[in-house]
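What follows is a single structure, written as structure tokens, with notes after it.
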Amino acid sequence: MKPILKVENLSKDFVKPLDLVAKALNKLGQNYREEIVHAVDDVSFSIFKGEIVGVVGESGCGKSTLGRMIAGILPPTSGHLKFELDESKTSKIPPALLTQMIFQDPFSSLNPRKRVIDIITEAPIYHKLIDQAEKQTYAEDMLQRVGLDPDTLQRYPHQFSGGQRQRVGIARALAVSPDFLVCDESIAALDVSIQAQIINLFVDLKDKFDLTYLFISHDIGVVEHIADRVIVMYLGRIVETAPIQDFLKNPNHPYTNALLAGVPRLEIGKRKYEPIKGEIPSPLDPPPGCHFHPRCRFAEERCRVEKPILIEIAPAHFSACHLNDRA
Amino acid sequence: MSKALDPILKISNLQTHFFTKAGVLKAVDGVSFEIGAGEIVGLVGESGSGKSITGFSIIGLVDAPGKIVGGDISFKGQNLNQLSNEQMQHYRGNRIAMIFQDPMMTLNPVLRIETQMIEAIQAHDDSIAHEDARIRARDALGLVGISSADERLRAYPHQFSGGMRQRVSIAIAMLNRPDLIIADEPTTALDVTIQGQVISEMQKLCQETKTALLWITHDLAVVSGIADRICVMYAGRVVEQGSIESTILNPMHPYTRGLMGSVPSQNQRGKPLQQIDGMVPSMLNLPNGCAFQNRCRRVNDTCLTKQPDIMHLADGRQVRCINLPEEYKV
């Protein structure tokens, strides 16, 4: 199989520049440094055509930053993104359009002063994929694809419920016929019964339009359900990536195990949570060596000093943990 | 099972309505349930189902244009609904405590944790000396798993992480050893590993102190692991309540079934999720008859006209549906 996207050593740093006072004090011999957050730290992976790749991790792990770089919203600090797109398509559609993003909050991601018809057709008209005359039928078609009534074309976003607005967001992304969708917590703001509708819609659309997804979510239950492969991130680094069956059956990294153990399951009987200790460290000052060592039960001396690298421990199953070397 | 215990809180036919310009919004409309000492009850529903307003009604925090227009809230035999605001102060934060979703909103950002905790103690008992109150606050922080509590007392809320802040609000809620804690989505804003920590902390505390807990959430999975009983709300009414075992293993109301079915782990991978079609009706314009009619697969003509009454099932469950399979009717 051919990868549709290759990510190579991708990093993103956010730098807080020194303010005037700190600069002045530095001139006087003080030593103020710029604060740097390594939001995404040397990340490499590939995504194959037709795959749904789930990215999980807790807040501050860099999963959204990763998604934004792939969608082309944020420029990477270093590293490369290589898209291998269909040439028959790239000749008609600008390559940047072929990766679209669906956002978390359906309230702030739609322009409240535009009608749905304009929200959906703005990009295809601007990029000359359709002309003005086709606008109405094109938008109707898009709305039908996402399960909305075409009669609602002239409405404004506030006239829709949260779930319907998320559908409008999806229709807008589909309007430029993308190959690749980045879904950043796209269902997190929705009610449980609506979540199921949108997840089903994502899967339907994937089959119908040959899409590939990067599905970013903190909700492991949802990722377990739809993803073919899972990437686990912690403080900017990938700690484990595996095909879903392997991920569920043989999670390797202690952090993955902790995450899976913490997921509430629909089971009866008093559940005993045995959470891992401690907090997620500040990304401004991550622990040296393995980022997870202060919370890890198995941490040893080596974990405190040496950064673990991703090693293939089973076919297509990579994990970054020193414990794997012990065997 | 809960009937054997003397209920600490007994709500009957609670009605909290909001009188808005657009009309009367019946946020809570005829809700009844009870909680025994040391019992954990999960109140589950989607946004707008009235679950939070039920919590606010119990603790007396419903503001205009909202008003409790009917029903009883009986707390250890005292009807809270008839109390004046001053009388209510004796209960609020003292016998009944509340934990909110966002700890940054409940803690005062310009006061030290210490000040806020001592204030909460002295507000209900002014005979306690400052120094004693401080010791009690310190011990409370220790109980919720905050290390070096003595120093942390001097900190401001912004110096804590989200999970730690939620622990502080739990500690504040526990300060006066209440009989009942209402927790409104206490772990929704937290990360998975931190959520596990907070849940296990709450479980331990309630067990040790025999505090009753009303856990309000949209997340069935969280509730199924900690609660003794569960109440499912839809459009201002409890549509199903019963023990956690019977309700989770064999949900009766079509809405509960749909809700359980839409949880991904209940579904086979690769198959479409079972979904509830449609959406929650506008609370200002509820249909006649059952509020779930437009999304229900079992709907018939009676559902469209007649508001379903509560059916009592043999296993102690209560379900608001007229279309239950024959063998379950008592």
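Numbering starts fresh at 1 for the residues of each chain in the structure tokens, the chains themselves are lettered A, B, ... in the order given, and ligands are numbered from 1 as they appear.
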
Taking a cut-off of 8 Å and counting only C-alpha atoms, can you build a table that, for each residue of chain A near chain B, reports the nearest atom pair and how far apart they are in Å (one decimal), sorted by chain then residue number, as JSON lines?
{"residue": "A:Glu58", "atom": "CA", "partner": "B:Asp191", "partner_atom": "CA", "distance": 5.7}
{"residue": "A:Ser59", "atom": "CA", "partner": "B:Asp191", "partner_atom": "CA", "distance": 6.8}
{"residue": "A:Asp191", "atom": "CA", "partner": "B:Glu46", "partner_atom": "CA", "distance": 5.9}
{"residue": "A:Val192", "atom": "CA", "partner": "B:Ser262", "partner_atom": "CA", "distance": 6.9}
{"residue": "A:Ser193", "atom": "CA", "partner": "B:Ile276", "partner_atom": "CA", "distance": 5.8}
{"residue": "A:Ile194", "atom": "CA", "partner": "B:Ile276", "partner_atom": "CA", "distance": 7.5}
{"residue": "A:Gln195", "atom": "CA", "partner": "B:Ser262", "partner_atom": "CA", "distance": 7.9}
{"residue": "A:Ala196", "atom": "CA", "partner": "B:Ser262", "partner_atom": "CA", "distance": 5.4}
{"residue": "A:Gln197", "atom": "CA", "partner": "B:Gln275", "partner_atom": "CA", "distance": 5.8}
{"residue": "A:Ile199", "atom": "CA", "partner": "B:Leu273", "partner_atom": "CA", "distance": 7.6}
{"residue": "A:Asn200", "atom": "CA", "partner": "B:Pro272", "partner_atom": "CA", "distance": 5.6}
{"residue": "A:Val203", "atom": "CA", "partner": "B:Pro272", "partner_atom": "CA", "distance": 7.7}
{"residue": "A:His218", "atom": "CA", "partner": "B:Asp191", "partner_atom": "CA", "distance": 7.8}
{"residue": "A:Gly221", "atom": "CA", "partner": "B:Pro264", "partner_atom": "CA", "distance": 6.0}
{"residue": "A:Val222", "atom": "CA", "partner": "B:Pro264", "partner_atom": "CA", "distance": 5.8}
{"residue": "A:Glu224", "atom": "CA", "partner": "B:Arg269", "partner_atom": "CA", "distance": 7.7}
{"residue": "A:His225", "atom": "CA", "partner": "B:Arg269", "partner_atom": "CA", "distance": 5.1}
{"residue": "A:Ile226", "atom": "CA", "partner": "B:Gly270", "partner_atom": "CA", "distance": 6.5}
{"residue": "A:Ala258", "atom": "CA", "partner": "B:Thr193", "partner_atom": "CA", "distance": 7.1}
{"residue": "A:Leu259", "atom": "CA", "partner": "B:Thr193", "partner_atom": "CA", "distance": 6.2}
{"residue": "A:Gly262", "atom": "CA", "partner": "B:Gly196", "partner_atom": "CA", "distance": 5.5}
{"residue": "A:Val263", "atom": "CA", "partner": "B:Val192", "partner_atom": "CA", "distance": 6.4}
{"residue": "A:Pro264", "atom": "CA", "partner": "B:Val222", "partner_atom": "CA", "distance": 5.2}
{"residue": "A:Arg265", "atom": "CA", "partner": "B:Ala221", "partner_atom": "CA", "distance": 4.9}
{"residue": "A:Leu266", "atom": "CA", "partner": "B:Ala221", "partner_atom": "CA", "distance": 4.3}
{"residue": "A:Glu267", "atom": "CA", "partner": "B:Ser224", "partner_atom": "CA", "distance": 5.9}
{"residue": "A:Ile268", "atom": "CA", "partner": "B:Ser224", "partner_atom": "CA", "distance": 5.5}
{"residue": "A:Gly269", "atom": "CA", "partner": "B:Gly225", "partner_atom": "CA", "distance": 6.1}
{"residue": "A:Lys270", "atom": "CA", "partner": "B:Gly225", "partner_atom": "CA", "distance": 5.1}
{"residue": "A:Arg271", "atom": "CA", "partner": "B:Gly225", "partner_atom": "CA", "distance": 4.7}
{"residue": "A:Lys272", "atom": "CA", "partner": "B:Ser200", "partner_atom": "CA", "distance": 7.0}
{"residue": "A:Tyr273", "atom": "CA", "partner": "B:Ser200", "partner_atom": "CA", "distance": 5.5}
{"residue": "A:Glu274", "atom": "CA", "partner": "B:Gly196", "partner_atom": "CA", "distance": 7.2}
{"residue": "A:Pro275", "atom": "CA", "partner": "B:Gln197", "partner_atom": "CA", "distance": 5.3}
{"residue": "A:Ile276", "atom": "CA", "partner": "B:Thr193", "partner_atom": "CA", "distance": 6.7}
{"residue": "A:Lys277", "atom": "CA", "partner": "B:Gln197", "partner_atom": "CA", "distance": 7.8}
{"residue": "A:Glu279", "atom": "CA", "partner": "B:Ile194", "partner_atom": "CA", "distance": 7.4}

>> Among region 131-302 of chain A, which ones does DSSP assign to strand (DSSP E) (computed from the backbone)? Answer as number ranges by chain.
In response: A: 180-184, 212-216, 229-234, 237-243

> Restricting the calculation to only C-alpha atoms, which member of B:Ile53, B:Ala27, B:Leu175, B:Ile73 is positioned closest to Ile8 (chain B)?
Replying inline: B:Ile73

> Counting only C-alpha atoms, what is within 10 Å of region 281-285 of chain B, bar same-chain residues fewer than 6 positions away, as number ranges by chain?
Replying inline: B: 18, 20, 22-27, 48-50, 235-236, 291-295

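Proximity to region 183-190 of chain A at 7 Å, evaluated using only C-alpha atoms and with sequence-adjacent residues fewer than 4 positions away removed, yields Ser64, Gly67, Met101, Ile102, Phe103, Gln104, Asp105, Gly162, Gly163, Ile194, Gln195, Leu214, Phe215, Ile216 and Ser217 of chain A.
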
Selected residues written out with C-alpha atoms, as a tab-separated table (two decimals), in the first residue's frame:
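Wrote out_35.tsv, looks like this:
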chain	number	residue	atom	x	y	z
A	64	SER	CA	-4.02	19.27	18.20
A	67	GLY	CA	-3.33	18.02	13.46
A	101	MET	CA	-10.04	20.08	8.95
A	102	ILE	CA	-13.13	19.58	11.07
A	103	PHE	CA	-13.03	21.43	14.35
A	104	GLN	CA	-14.20	20.72	17.84
A	105	ASP	CA	-16.57	23.54	18.53
A	162	GLY	CA	-24.94	21.54	17.79
A	163	GLY	CA	-25.08	18.25	15.91
A	194	ILE	CA	-25.60	12.91	18.66
A	195	GLN	CA	-21.99	11.69	18.88
A	214	LEU	CA	-6.56	11.60	11.16
A	215	PHE	CA	-8.95	11.34	14.08
A	216	ILE	CA	-7.76	13.27	17.13
A	217	SER	CA	-9.60	12.57	20.34

> Got a sec: who's within 10 Å of Asn79 (chain B), counting only C-alpha atoms, leaving out chain neighbours fewer than 6 positions off, as a ChimeraX atom specification?
Replying inline: /B:9-11,71-73

Would you save the residues of that selection, restricted to all heavy atoms, as a JSON list (two decimals), in the first residue's frame?
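Final file, result30.json:
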[["chain", "number", "residue", "atom", "x", "y", "z"],
["B", 9, "LEU", "N", -32.52, 12.10, 51.37],
["B", 9, "LEU", "CA", -33.16, 13.09, 50.53],
["B", 9, "LEU", "C", -34.29, 12.42, 49.78],
["B", 9, "LEU", "O", -34.12, 11.33, 49.23],
["B", 9, "LEU", "CB", -32.14, 13.65, 49.52],
["B", 9, "LEU", "CG", -32.71, 14.66, 48.54],
["B", 9, "LEU", "CD1", -32.84, 16.01, 49.18],
["B", 9, "LEU", "CD2", -31.82, 14.76, 47.31],
["B", 10, "LYS", "N", -35.45, 13.06, 49.82],
["B", 10, "LYS", "CA", -36.58, 12.49, 49.09],
["B", 10, "LYS", "C", -37.20, 13.61, 48.28],
["B", 10, "LYS", "O", -37.70, 14.59, 48.83],
["B", 10, "LYS", "CB", -37.59, 11.94, 50.10],
["B", 10, "LYS", "CG", -38.67, 11.13, 49.45],
["B", 10, "LYS", "CD", -39.42, 10.32, 50.49],
["B", 10, "LYS", "CE", -40.38, 9.40, 49.77],
["B", 10, "LYS", "NZ", -41.75, 9.58, 49.97],
["B", 11, "ILE", "N", -37.13, 13.47, 46.98],
["B", 11, "ILE", "CA", -37.71, 14.48, 46.11],
["B", 11, "ILE", "C", -38.99, 13.91, 45.54],
["B", 11, "ILE", "O", -38.99, 12.80, 45.04],
["B", 11, "ILE", "CB", -36.73, 14.82, 44.97],
["B", 11, "ILE", "CG1", -35.47, 15.43, 45.55],
["B", 11, "ILE", "CG2", -37.36, 15.76, 43.97],
["B", 11, "ILE", "CD1", -34.44, 15.71, 44.53],
["B", 71, "GLY", "N", -43.89, 20.61, 44.18],
["B", 71, "GLY", "CA", -43.17, 19.43, 44.64],
["B", 71, "GLY", "C", -42.47, 19.66, 45.96],
["B", 71, "GLY", "O", -42.39, 20.78, 46.45],
["B", 72, "ASP", "N", -42.00, 18.57, 46.53],
["B", 72, "ASP", "CA", -41.31, 18.62, 47.82],
["B", 72, "ASP", "C", -39.87, 18.16, 47.67],
["B", 72, "ASP", "O", -39.58, 17.23, 46.93],
["B", 72, "ASP", "CB", -41.99, 17.66, 48.81],
["B", 72, "ASP", "CG", -43.36, 18.16, 49.21],
["B", 72, "ASP", "OD1", -43.54, 19.40, 49.22],
["B", 72, "ASP", "OD2", -44.23, 17.32, 49.50],
["B", 73, "ILE", "N", -38.98, 18.84, 48.40],
["B", 73, "ILE", "CA", -37.61, 18.36, 48.53],
["B", 73, "ILE", "C", -37.42, 18.11, 50.01],
["B", 73, "ILE", "O", -37.21, 19.04, 50.78],
["B", 73, "ILE", "CB", -36.60, 19.41, 48.04],
["B", 73, "ILE", "CG1", -36.93, 19.84, 46.61],
["B", 73, "ILE", "CG2", -35.20, 18.87, 48.11],
["B", 73, "ILE", "CD1", -36.16, 21.05, 46.16]]

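Closest approach to Met233 (chain B) among B:Thr211, B:Ser57, B:Gln78, B:Thr256 is made by B:Thr256 (distances from only C-alpha atoms).
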
> Could you state the separation of CA of Thr16 (chain B) and CA of Val62 (chain B) in Å, given to one decimal place?
Replying inline: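 The value is 8.4 Å.
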
> Leaving out region 103-107 of chain B and any residue of its chain fewer than 5 positions from it, which residues lie within 7 Å of it when counting only C-alpha atoms, given as a PyMOL selection string?
Replying inline: chain B and resi 157+165-166+169

Excluding same-chain residues fewer than 6 positions from Leu97 (chain A), what lies within 12 Å of it counting only C-alpha atoms, as a PDB file with C-alpha atoms, in the first residue's frame?
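Once everything was written out, this is result.pdb:
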ATOM      1  CA  ILE A  70      -0.944  18.411   8.903  1.00  0.00           C
ATOM      2  CA  ALA A  71      -3.956  20.504   7.891  1.00  0.00           C
ATOM      3  CA  GLY A  72      -1.570  23.286   6.904  1.00  0.00           C
ATOM      4  CA  ILE A  73      -2.812  25.809   9.445  1.00  0.00           C
ATOM      5  CA  PHE A  83       1.576  14.177   0.729  1.00  0.00           C
ATOM      6  CA  LEU A  85      -1.824  12.638  -3.716  1.00  0.00           C
ATOM      7  CA  LYS A  89      -6.945  15.203  -8.793  1.00  0.00           C
ATOM      8  CA  THR A  90      -4.104  17.616  -8.052  1.00  0.00           C
ATOM      9  CA  SER A  91      -4.218  18.855 -11.619  1.00  0.00           C
ATOM     10  CA  ALA A 123     -14.136  27.884  -0.943  1.00  0.00           C
ATOM     11  CA  PRO A 124     -15.169  25.998  -4.112  1.00  0.00           C
ATOM     12  CA  TYR A 126     -13.034  31.061  -4.794  1.00  0.00           C
ATOM     13  CA  HIS A 127     -10.903  28.207  -6.081  1.00  0.00           C
ATOM     14  CA  LEU A 129     -14.109  24.432  -8.671  1.00  0.00           C
ATOM     15  CA  ARG A 172     -17.952  22.695   4.185  1.00  0.00           C
ATOM     16  CA  ALA A 173     -14.884  20.473   4.396  1.00  0.00           C
ATOM     17  CA  LEU A 174     -16.273  18.079   1.782  1.00  0.00           C
ATOM     18  CA  ALA A 175     -17.158  20.899  -0.599  1.00  0.00           C
ATOM     19  CA  VAL A 176     -13.615  21.032  -2.002  1.00  0.00           C
ATOM     20  CA  SER A 177     -13.536  17.213  -2.448  1.00  0.00           C
ATOM     21  CA  PRO A 178     -10.609  16.531  -0.109  1.00  0.00           C
ATOM     22  CA  ASP A 179      -8.746  13.245   0.194  1.00  0.00           C
ATOM     23  CA  PHE A 180      -7.709  13.665   3.748  1.00  0.00           C
ATOM     24  CA  LEU A 181      -9.647  14.931   6.761  1.00  0.00           C
TER      25      LEU A 181
END

> Using only C-alpha atoms, which residue out of B:Arg92, B:Lys51, B:His17, B:His124 lies closest to Ile68 (chain B)?
Replying inline: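 Under the stated criterion, the closest residue is B:His17.
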
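Counting from CA of Gly36 (chain B), the distance to CA of Glu119 (chain B) is 29.2 Å.
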